[in-house]
Each structure stands twice: as structure tokens, then as C-alpha cells.
>>> print(open('entry14.pdb').read())   # PDB, C-alpha atoms
MODEL        1
ATOM      1  CA  MET A 358     -24.528  96.375  63.335
ATOM      2  CA  THR A 359     -23.854  98.766  60.466
ATOM      3  CA  ILE A 360     -20.714 100.818  60.949
ATOM      4  CA  GLN A 361     -21.322 104.423  60.028
ATOM      5  CA  SER A 362     -17.808 105.739  60.603
ATOM      6  CA  LEU A 363     -14.925 105.151  58.214
ATOM      7  CA  SER A 364     -12.503 102.385  59.128
ATOM      8  CA  THR A 365      -9.359 101.689  57.113
ATOM      9  CA  VAL A 366      -6.985  98.772  57.586
ATOM     10  CA  THR A 367      -3.957  97.401  55.741
ATOM     11  CA  LEU A 368      -4.189  93.635  55.198
ATOM     12  CA  PRO A 369      -1.080  91.441  54.982
ATOM     13  CA  GLU A 370      -1.423  88.833  52.244
ATOM     14  CA  GLY A 371      -0.287  85.996  54.489
ATOM     15  CA  ILE A 372      -3.231  86.193  56.912
ATOM     16  CA  ARG A 373      -5.384  84.261  54.432
ATOM     17  CA  HIS A 374      -3.490  81.069  55.244
ATOM     18  CA  ALA A 375      -5.220  80.899  58.653
ATOM     19  CA  VAL A 376      -8.730  81.517  57.291
ATOM     20  CA  ALA A 377     -11.262  78.671  57.237
ATOM     21  CA  THR A 378     -12.990  77.535  54.082
ATOM     22  CA  ASP A 379     -16.269  77.130  55.972
ATOM     23  CA  SER A 380     -17.810  78.352  59.221
ATOM     24  CA  SER A 381     -18.167  76.719  62.627
ATOM     25  CA  ARG A 382     -17.981  77.865  66.242
ATOM     26  CA  TYR A 383     -14.216  78.279  66.209
ATOM     27  CA  ALA A 384     -13.672  78.775  62.504
ATOM     28  CA  ILE A 385     -14.954  81.374  60.075
ATOM     29  CA  ASN A 386     -14.252  82.162  56.462
ATOM     30  CA  GLY A 387     -12.945  85.646  57.075
ATOM     31  CA  VAL A 388     -10.815  87.833  59.314
ATOM     32  CA  GLU A 389     -11.977  89.972  62.202
ATOM     33  CA  VAL A 390     -10.754  93.559  62.344
ATOM     34  CA  ARG A 391     -10.854  95.499  65.601
ATOM     35  CA  SER A 392      -9.133  98.478  67.175
ATOM     36  CA  ASP A 393      -6.043  97.779  69.254
ATOM     37  CA  GLY A 394      -6.967 100.745  71.447
ATOM     38  CA  ASN A 395      -4.101 102.868  70.126
ATOM     39  CA  GLY A 396      -5.237 103.826  66.639
ATOM     40  CA  ALA A 397      -4.043 100.707  64.827
ATOM     41  CA  ALA A 398      -5.834  97.381  64.372
ATOM     42  CA  PHE A 399      -5.746  93.727  65.312
ATOM     43  CA  ILE A 400      -6.712  91.227  62.617
ATOM     44  CA  THR A 401      -7.610  87.695  63.681
ATOM     45  CA  ALA A 402      -8.140  84.544  61.619
ATOM     46  CA  THR A 403      -8.793  80.934  62.597
ATOM     47  CA  ASP A 404      -9.694  77.717  60.818
ATOM     48  CA  GLY A 405     -10.314  75.784  64.027
ATOM     49  CA  ARG A 406      -6.822  74.261  64.019
ATOM     50  CA  VAL A 407      -4.646  77.357  63.872
ATOM     51  CA  LEU A 408      -5.280  80.879  65.116
ATOM     52  CA  ALA A 409      -3.373  83.913  63.856
ATOM     53  CA  VAL A 410      -3.401  87.393  65.379
ATOM     54  CA  ARG A 411      -1.535  90.277  63.768
ATOM     55  CA  ARG A 412      -1.339  93.963  64.544
ATOM     56  CA  THR A 413      -1.500  96.085  61.428
ATOM     57  CA  GLU A 414      -1.783  99.705  60.370
ATOM     58  CA  GLY A 415      -5.272 101.098  60.381
ATOM     59  CA  GLU A 416      -7.666 103.803  61.513
ATOM     60  CA  VAL A 417     -10.316 101.934  63.440
ATOM     61  CA  SER A 418     -10.375 103.682  66.839
ATOM     62  CA  GLY A 419     -13.905 103.756  68.188
ATOM     63  CA  ALA A 420     -15.275 101.501  65.451
ATOM     64  CA  GLU A 421     -17.127  98.296  66.164
ATOM     65  CA  PRO A 422     -15.243  95.098  65.158
ATOM     66  CA  PHE A 423     -16.115  93.869  61.678
ATOM     67  CA  VAL A 424     -15.358  90.797  59.558
ATOM     68  CA  ILE A 425     -13.922  90.793  56.041
ATOM     69  CA  PRO A 426     -14.971  87.671  54.089
ATOM     70  CA  GLY A 427     -12.148  85.340  53.129
ATOM     71  CA  THR A 428     -13.055  85.566  49.447
ATOM     72  CA  LEU A 429     -12.135  89.248  49.523
ATOM     73  CA  LEU A 430      -8.719  88.883  51.144
ATOM     74  CA  PRO A 431      -5.578  89.750  49.152
ATOM     75  CA  ARG A 432      -4.188  86.733  47.310
ATOM     76  CA  ARG A 433      -0.974  88.081  45.832
ATOM     77  CA  LYS A 434      -0.560  91.703  46.803
ATOM     78  CA  ALA A 435       0.670  92.381  50.327
ATOM     79  CA  GLY A 436      -0.276  95.602  52.066
ATOM     80  CA  GLU A 437      -3.619  96.103  50.350
ATOM     81  CA  THR A 438      -5.683  98.806  52.065
ATOM     82  CA  VAL A 439      -9.357  98.161  52.717
ATOM     83  CA  SER A 440     -11.925 100.683  53.924
ATOM     84  CA  LEU A 441     -15.351 100.152  55.433
ATOM     85  CA  LYS A 442     -18.046 102.824  55.454
ATOM     86  CA  ASP A 443     -21.763 102.366  55.990
ATOM     87  CA  GLY A 444     -21.294  98.594  55.858
ATOM     88  CA  GLN A 445     -19.605  98.608  52.436
ATOM     89  CA  LEU A 446     -16.033  97.488  51.742
ATOM     90  CA  THR A 447     -13.902  99.413  49.265
ATOM     91  CA  GLY A 448     -10.333  99.193  48.064
ATOM     92  CA  LEU A 449     -10.485  95.515  47.126
ATOM     93  CA  LYS A 450      -9.375  95.671  43.514
ATOM     94  CA  SER A 451     -10.843  93.310  40.943
ATOM     95  CA  ARG A 452     -13.219  91.668  43.419
ATOM     96  CA  VAL A 453     -16.833  92.045  44.437
ATOM     97  CA  THR A 454     -17.150  94.315  47.491
ATOM     98  CA  ASP A 455     -20.824  94.004  48.402
ATOM     99  CA  GLU A 456     -20.601  90.463  49.802
ATOM    100  CA  PRO A 457     -22.412  90.131  53.167
ATOM    101  CA  MET A 458     -20.111  90.302  56.158
ATOM    102  CA  ALA A 459     -20.362  87.822  59.019
ATOM    103  CA  ALA A 460     -22.082  89.283  62.045
ATOM    104  CA  THR A 461     -20.155  87.260  64.632
ATOM    105  CA  PHE A 462     -16.663  85.925  65.167
ATOM    106  CA  PRO A 463     -15.376  83.146  67.452
ATOM    107  CA  PRO A 464     -14.316  84.245  70.984
ATOM    108  CA  CYS A 465     -10.658  83.793  70.114
ATOM    109  CA  ALA A 466      -9.366  85.472  73.265
ATOM    110  CA  ASP A 467     -10.867  82.588  75.254
ATOM    111  CA  VAL A 468      -8.689  79.974  73.557
ATOM    112  CA  ILE A 469      -5.336  81.777  73.486
ATOM    113  CA  PRO A 470      -3.294  79.990  76.161
ATOM    114  CA  ASP A 471      -1.717  81.708  79.128
ATOM    115  CA  VAL A 472       1.837  80.358  78.884
ATOM    116  CA  ALA A 473       2.805  81.921  82.207
ATOM    117  CA  ALA A 474       0.160  79.926  84.102
ATOM    118  CA  THR A 475       1.157  77.131  86.440
ATOM    119  CA  GLY A 476      -0.689  74.016  87.536
ATOM    120  CA  LYS A 477      -1.110  72.380  90.902
ATOM    121  CA  GLY A 478       1.963  72.679  93.073
ATOM    122  CA  GLY A 479       3.339  75.464  90.897
ATOM    123  CA  ALA A 480       4.293  73.181  88.013
ATOM    124  CA  VAL A 481       4.891  75.066  84.770
ATOM    125  CA  LYS A 482       2.360  74.113  82.092
ATOM    126  CA  TYR A 483       4.500  75.309  79.183
ATOM    127  CA  ASP A 484       8.033  74.281  80.098
ATOM    128  CA  ARG A 485       9.861  73.946  76.770
ATOM    129  CA  CYS A 486      10.622  76.391  73.989
ATOM    130  CA  ILE A 487      12.029  75.354  70.623
ATOM    131  CA  THR A 488      12.944  77.282  67.499
ATOM    132  CA  LEU A 489      12.741  75.672  64.072
ATOM    133  CA  SER A 490      12.353  76.623  60.425
ATOM    134  CA  ALA A 491       8.834  76.128  59.078
ATOM    135  CA  LYS A 492      10.308  75.925  55.579
ATOM    136  CA  LEU A 493      12.716  73.150  56.559
ATOM    137  CA  LEU A 494       9.919  71.203  58.254
ATOM    138  CA  TYR A 495       7.699  71.628  55.203
ATOM    139  CA  ASN A 496      10.480  70.462  52.860
ATOM    140  CA  LEU A 497      11.219  67.475  55.076
ATOM    141  CA  ALA A 498       7.532  66.508  55.194
ATOM    142  CA  ARG A 499       7.400  66.579  51.416
ATOM    143  CA  ALA A 500      10.560  64.451  51.239
ATOM    144  CA  ILE A 501       9.359  61.648  53.535
ATOM    145  CA  THR A 502       5.642  61.506  52.613
ATOM    146  CA  ASP A 503       3.956  60.753  49.320
ATOM    147  CA  GLY A 504       3.274  64.484  48.840
ATOM    148  CA  LYS A 505      -0.186  63.991  47.313
ATOM    149  CA  GLY A 506      -1.947  66.942  48.893
ATOM    150  CA  ASN A 507      -1.768  68.850  52.148
ATOM    151  CA  GLU A 508      -3.437  66.116  54.203
ATOM    152  CA  SER A 509      -0.529  63.768  53.449
ATOM    153  CA  LEU A 510       1.991  66.310  54.712
ATOM    154  CA  ARG A 511       1.489  65.249  58.322
ATOM    155  CA  VAL A 512       4.478  64.215  60.374
ATOM    156  CA  SER A 513       5.181  63.384  63.999
ATOM    157  CA  LEU A 514       8.148  64.921  65.826
ATOM    158  CA  LEU A 515       9.885  63.412  68.822
ATOM    159  CA  LEU A 516      11.554  66.256  70.703
ATOM    160  CA  PRO A 517      14.788  65.765  72.637
ATOM    161  CA  VAL A 518      15.297  66.909  76.202
ATOM    162  CA  ASN A 519      18.298  68.913  75.011
ATOM    163  CA  PRO A 520      16.900  71.649  72.704
ATOM    164  CA  SER A 521      20.114  71.731  70.645
ATOM    165  CA  LYS A 522      19.768  68.091  69.551
ATOM    166  CA  PRO A 523      17.956  67.057  66.344
ATOM    167  CA  PHE A 524      14.269  66.103  66.221
ATOM    168  CA  ALA A 525      13.280  62.607  65.089
ATOM    169  CA  VAL A 526      10.548  62.727  62.438
ATOM    170  CA  LEU A 527       8.185  60.127  60.975
ATOM    171  CA  PRO A 528       5.254  60.370  58.548
ATOM    172  CA  CYS A 529       1.827  60.084  60.209
ATOM    173  CA  GLY A 530      -0.922  57.588  59.625
ATOM    174  CA  ASP A 531      -0.788  54.614  57.301
ATOM    175  CA  ASP A 532       2.614  55.376  55.840
ATOM    176  CA  SER A 533       3.930  53.010  53.195
ATOM    177  CA  THR A 534       7.122  54.888  52.371
ATOM    178  CA  ASP A 535       9.206  53.254  55.125
ATOM    179  CA  SER A 536      10.816  56.667  55.596
ATOM    180  CA  LEU A 537      12.115  58.750  58.457
ATOM    181  CA  GLY A 538      13.584  62.191  58.885
ATOM    182  CA  VAL A 539      15.810  64.285  61.078
ATOM    183  CA  LEU A 540      15.290  68.006  61.658
ATOM    184  CA  MET A 541      17.912  70.214  63.253
ATOM    185  CA  PRO A 542      16.688  73.072  65.463
ATOM    186  CA  CYS A 543      17.693  76.522  64.238
ATOM    187  CA  ASN A 544      18.955  77.474  67.666
ATOM    188  CA  GLY A 545      18.135  77.091  71.311
ATOM    189  CA  SER A 546      15.275  79.201  72.650
ATOM    190  CA  GLU A 547      15.211  80.891  76.044
ATOM    191  CA  ARG A 548      11.868  80.102  77.666
ATOM    192  CA  GLN A 549      11.551  83.106  79.967
ATOM    193  CA  GLY A 550      12.133  85.610  77.190
ATOM    194  CA  PHE A 551       9.523  83.855  75.070
ATOM    195  CA  VAL A 552       6.995  83.857  77.912
ATOM    196  CA  GLU A 553       7.478  87.579  78.510
ATOM    197  CA  ARG A 554       7.056  88.558  74.848
ATOM    198  CA  TYR A 555       4.122  86.211  74.250
ATOM    199  CA  SER A 556       2.327  87.237  77.434
ATOM    200  CA  ALA A 557       2.687  90.941  76.649
ATOM    201  CA  ARG A 558       1.155  90.465  73.203
ATOM    202  CA  ARG A 559      -1.571  88.187  74.560
ATOM    203  CA  ASP A 560      -2.512  90.671  77.280
ATOM    204  CA  THR A 561      -2.723  93.548  74.781
ATOM    205  CA  TYR A 562      -4.969  91.546  72.472
ATOM    206  CA  CYS A 563      -7.230  90.256  75.235
ATOM    207  CA  LEU A 564      -7.600  93.792  76.621
ATOM    208  CA  ALA A 565      -8.677  95.062  73.200
ATOM    209  CA  VAL A 566     -11.162  92.206  72.806
ATOM    210  CA  LYS A 567     -12.754  92.647  76.229
ATOM    211  CA  SER A 568     -12.811  96.448  76.327
TER     212      SER A 568
ENDMDL
END
>>> encode(input="entry14.pdb", output="C-alpha cells")
Amino acid sequence: MTIQSLSTVTLPEGIRHAVATDSSRYAINGVEVRSDGNGAAFITATDGRVLAVRRTEGEVSGAEPFVIPGTLLPRRKAGETVSLKDGQLTGLKSRVTDEPMAATFPPCADVIPDVAATGKGGAVKYDRCITLSAKLLYNLARAITDGKGNESLRVSLLLPVNPSKPFAVLPCGDDSTDSLGVLMPCNGSERQGFVERYSARRDTYCLAVKS
């Protein structure tokens, strides 16, 4: 569907890290932009393994959702503003703006888990909450693996019952380094507070998707 009205959205540079390099049912090389119902926008990206949803500034109320191809996403400049009018993207400096946009996007709202849900007998499905530094985990993975590409940076974590205790870490797969690692949690995380914040954001996104 061609969008006749003007839609403008500010794209954070980091969203590109969740964009796929090819397309499948639950992965697409681009980000979906849709109204959040309050004048701003939700942008969604998934590569089939990770899914990222961010609320960002924009003027997309009443506009149909549209997809910006991954090749047009900001690479170095955060906060780049992109506009769409009559099916054409503008505001993407130094890049082609007439690339065809994907007509569909994966039903991401269907795969976002409900962390407040319980199983049979009232058992909590998501019962633990941990806080850690992604940078520390990345640095540790590089230290205990051969570091020859992203695929080698795969590690397994054994989590303690006590959230304040360190995590035991080993490289994955056919590891020949005979290495191990220890990762300290940044701090303990309170589950109920996490569930409340996550659920509120999930509900807002799912409402925007299904409205």
C-alpha cells in the first residue's frame, strides 16, 4: 500500500544490530515503523534470533506501518530523521532512497513472551531475573574463545541460584582452548519490578500492532 500522507521518524543508529541480512518468516532486512497510538512511533527489527522494539520520536499517527530497508539505516550517525511521502524515503544522506520497501513484516507481537503468565498449577514460567553487563560478557567471550569471527563468540553460562554469585562460563562447541571464565553479575534484579515494566511496554506495543 502506498502511503500518501507524510510520516517522519527519528532512527537510532543501534537498531541496525538487530536487522537480518536476508529475509525469512521471522527475519527481514529492514525495520518496521508504526504509530504507537500517541503521535510517536515504534520501530521493530528482528533477525530471527533477536527481536528489538524501540519507541522513538516521529509523526506517524494515522499512517499505515511501513518498512525501511536495512541498507538505508544509519550506520554511524544516531538520530537521523527519515521521512516517507508517496512511497518515497527522504532524509537518508549519501544513500539511495528509491529502493523498494518490503510489503510485509513478521508478526512480532505473536512471539514476544508474556513474562507474567503462569503454567499449570500457577507455576511461574519466568522465575529468575539477572542483571549483567553486555560489554563484560562480550569481552569475556573474546578472552576465552579463539575470537575468529562472531560465530566463535558463543559461550554457555551456568547461572547460580543466588543471583549475587558469579556465573560460570565456558566456550561453546568444539573448543580447543581449554579455557573457562567467570562473570560477576552487576547487581541483583528484583523480578516483580522487571515483570511490571516489561509487561507494560509489551502491552503498549501489542495494542499498537493489533489496533
>>> residues_around(input="entry14.pdb", residues="Leu497 (chain A)", least_positions_apart="5", cutoff="9 Å", atoms="all atoms listed in the file", output="VMD selection string")
chain A and resid 492 502 526 538 to 540
>>> residues_around(input="entry14.pdb", residues="Ala398 (chain A)", least_positions_apart="6", cutoff="7 Å", atoms="only C-alpha atoms", output="ChimeraX atom specification")
/A:390-392,412-415,417
>>> residues_around(input="entry14.pdb", residues="Leu527 (chain A)", least_positions_apart="3", cutoff="7 Å", atoms="all atoms listed in the file", output="PyMOL selection string")
chain A and resi 512-514+536-538
>>> write_last_selection(input="entry14.pdb", atoms="C-alpha atoms", output="PDB file, in the coordinates of the input")
ATOM      1  CA  VAL A 512       4.478  64.215  60.374  1.00  0.00           C
ATOM      2  CA  SER A 513       5.181  63.384  63.999  1.00  0.00           C
ATOM      3  CA  LEU A 514       8.148  64.921  65.826  1.00  0.00           C
ATOM      4  CA  SER A 536      10.816  56.667  55.596  1.00  0.00           C
ATOM      5  CA  LEU A 537      12.115  58.750  58.457  1.00  0.00           C
ATOM      6  CA  GLY A 538      13.584  62.191  58.885  1.00  0.00           C
TER       7      GLY A 538
END
>>> resolve_selection(input="entry14.pdb", expression="the PyMOL selection byres ((chain A and resi 440) around 6)", output="VMD selection string")
chain A and resid 364 to 365 439 441 446 to 447
>>> resolve_selection(input="entry14.pdb", expression="the PyMOL selection byres ((chain A and resi 551) around 12)", output="list in words")
Val472, Ala473, Tyr483, Asp484, Arg485, Cys486, Ile487, Thr488, Gly545, Ser546, Glu547, Arg548, Gln549, Gly550, Val552, Glu553, Arg554, Tyr555, Ser556, Ala557, Arg558 and Arg559 of chain A
>>> atom_distance(input="entry14.pdb", atom1="CA of Thr401 (chain A)", atom2="CA of Tyr495 (chain A)")
23.8 Å
>>> resolve_selection(input="entry14.pdb", expression="the PyMOL selection byres ((chain A and resi 396) around 6)", output="PyMOL selection string")
chain A and resi 394-395+397+416+418
>>> closest_residue(input="entry14.pdb", among="A:Val376, A:Ala500, A:Ala384, A:Leu368", to="Phe399 (chain A)", atoms="all atoms listed in the file")
A:Leu368
>>> atom_distance(input="entry14.pdb", atom1="CA of Pro426 (chain A)", atom2="CA of Gly371 (chain A)")
14.8 Å
>>> closest_residue(input="entry14.pdb", among="A:Ala474, A:Leu493, A:Leu429, A:Met541", to="Leu515 (chain A)", atoms="all atoms listed in the file")
A:Met541
>>> residues_near_point(input="entry14.pdb", point="(-8.5, 85.8, 73.1)", cutoff="8 Å", atoms="all atoms listed in the file", output="ChimeraX atom specification")
/A:464-469,559,562-563,566
>>> closest_residue(input="entry14.pdb", among="A:Gly530, A:Pro523, A:Gly387, A:Pro542", to="Ala491 (chain A)", atoms="all atoms listed in the file")
A:Pro542
>>> decode(input="entry14.pdb", residues="region 393-411 of chain A", atoms="N, CA and C atoms", output="compact mmCIF listing (two decimals), in the first residue's frame")
# COMPACT_ATOMS: atom_id res chain seq x y z
N ASP A 393 2.65 4.56 17.56
CA ASP A 393 2.43 4.00 18.89
C ASP A 393 1.06 4.37 19.43
N GLY A 394 0.28 5.08 18.62
CA GLY A 394 -1.06 5.49 19.03
C GLY A 394 -1.10 6.82 19.74
N ASN A 395 0.09 7.39 20.02
CA ASN A 395 0.15 8.66 20.75
C ASN A 395 1.03 9.69 20.05
N GLY A 396 1.18 9.55 18.74
CA GLY A 396 1.93 10.55 17.99
C GLY A 396 3.37 10.18 17.71
N ALA A 397 3.94 9.29 18.51
CA ALA A 397 5.31 8.85 18.28
C ALA A 397 5.29 7.55 17.49
N ALA A 398 6.41 6.81 17.50
CA ALA A 398 6.50 5.61 16.67
C ALA A 398 7.18 4.47 17.40
N PHE A 399 6.81 3.26 17.01
CA PHE A 399 7.54 2.05 17.40
C PHE A 399 8.36 1.62 16.19
N ILE A 400 9.62 1.26 16.41
CA ILE A 400 10.41 0.64 15.35
C ILE A 400 10.79 -0.76 15.83
N THR A 401 10.67 -1.72 14.93
CA THR A 401 10.89 -3.12 15.28
C THR A 401 11.85 -3.75 14.28
N ALA A 402 12.81 -4.53 14.81
CA ALA A 402 13.76 -5.23 13.95
C ALA A 402 13.97 -6.63 14.51
N THR A 403 14.16 -7.60 13.62
CA THR A 403 14.44 -8.97 14.06
C THR A 403 15.27 -9.69 13.00
N ASP A 404 16.21 -10.51 13.47
CA ASP A 404 16.97 -11.35 12.55
C ASP A 404 16.63 -12.82 12.74
N GLY A 405 15.55 -13.10 13.47
CA GLY A 405 15.14 -14.47 13.71
C GLY A 405 15.69 -15.05 15.00
N ARG A 406 16.74 -14.42 15.54
CA ARG A 406 17.32 -14.85 16.81
C ARG A 406 17.08 -13.81 17.90
N VAL A 407 17.15 -12.56 17.52
CA VAL A 407 16.87 -11.47 18.46
C VAL A 407 15.76 -10.61 17.89
N LEU A 408 15.04 -9.94 18.77
CA LEU A 408 13.98 -9.03 18.35
C LEU A 408 14.11 -7.77 19.19
N ALA A 409 14.15 -6.63 18.54
CA ALA A 409 14.31 -5.35 19.23
C ALA A 409 13.14 -4.44 18.90
N VAL A 410 12.55 -3.86 19.94
CA VAL A 410 11.46 -2.90 19.78
C VAL A 410 11.87 -1.62 20.51
N ARG A 411 11.81 -0.51 19.83
CA ARG A 411 12.12 0.78 20.46
C ARG A 411 11.05 1.79 20.12
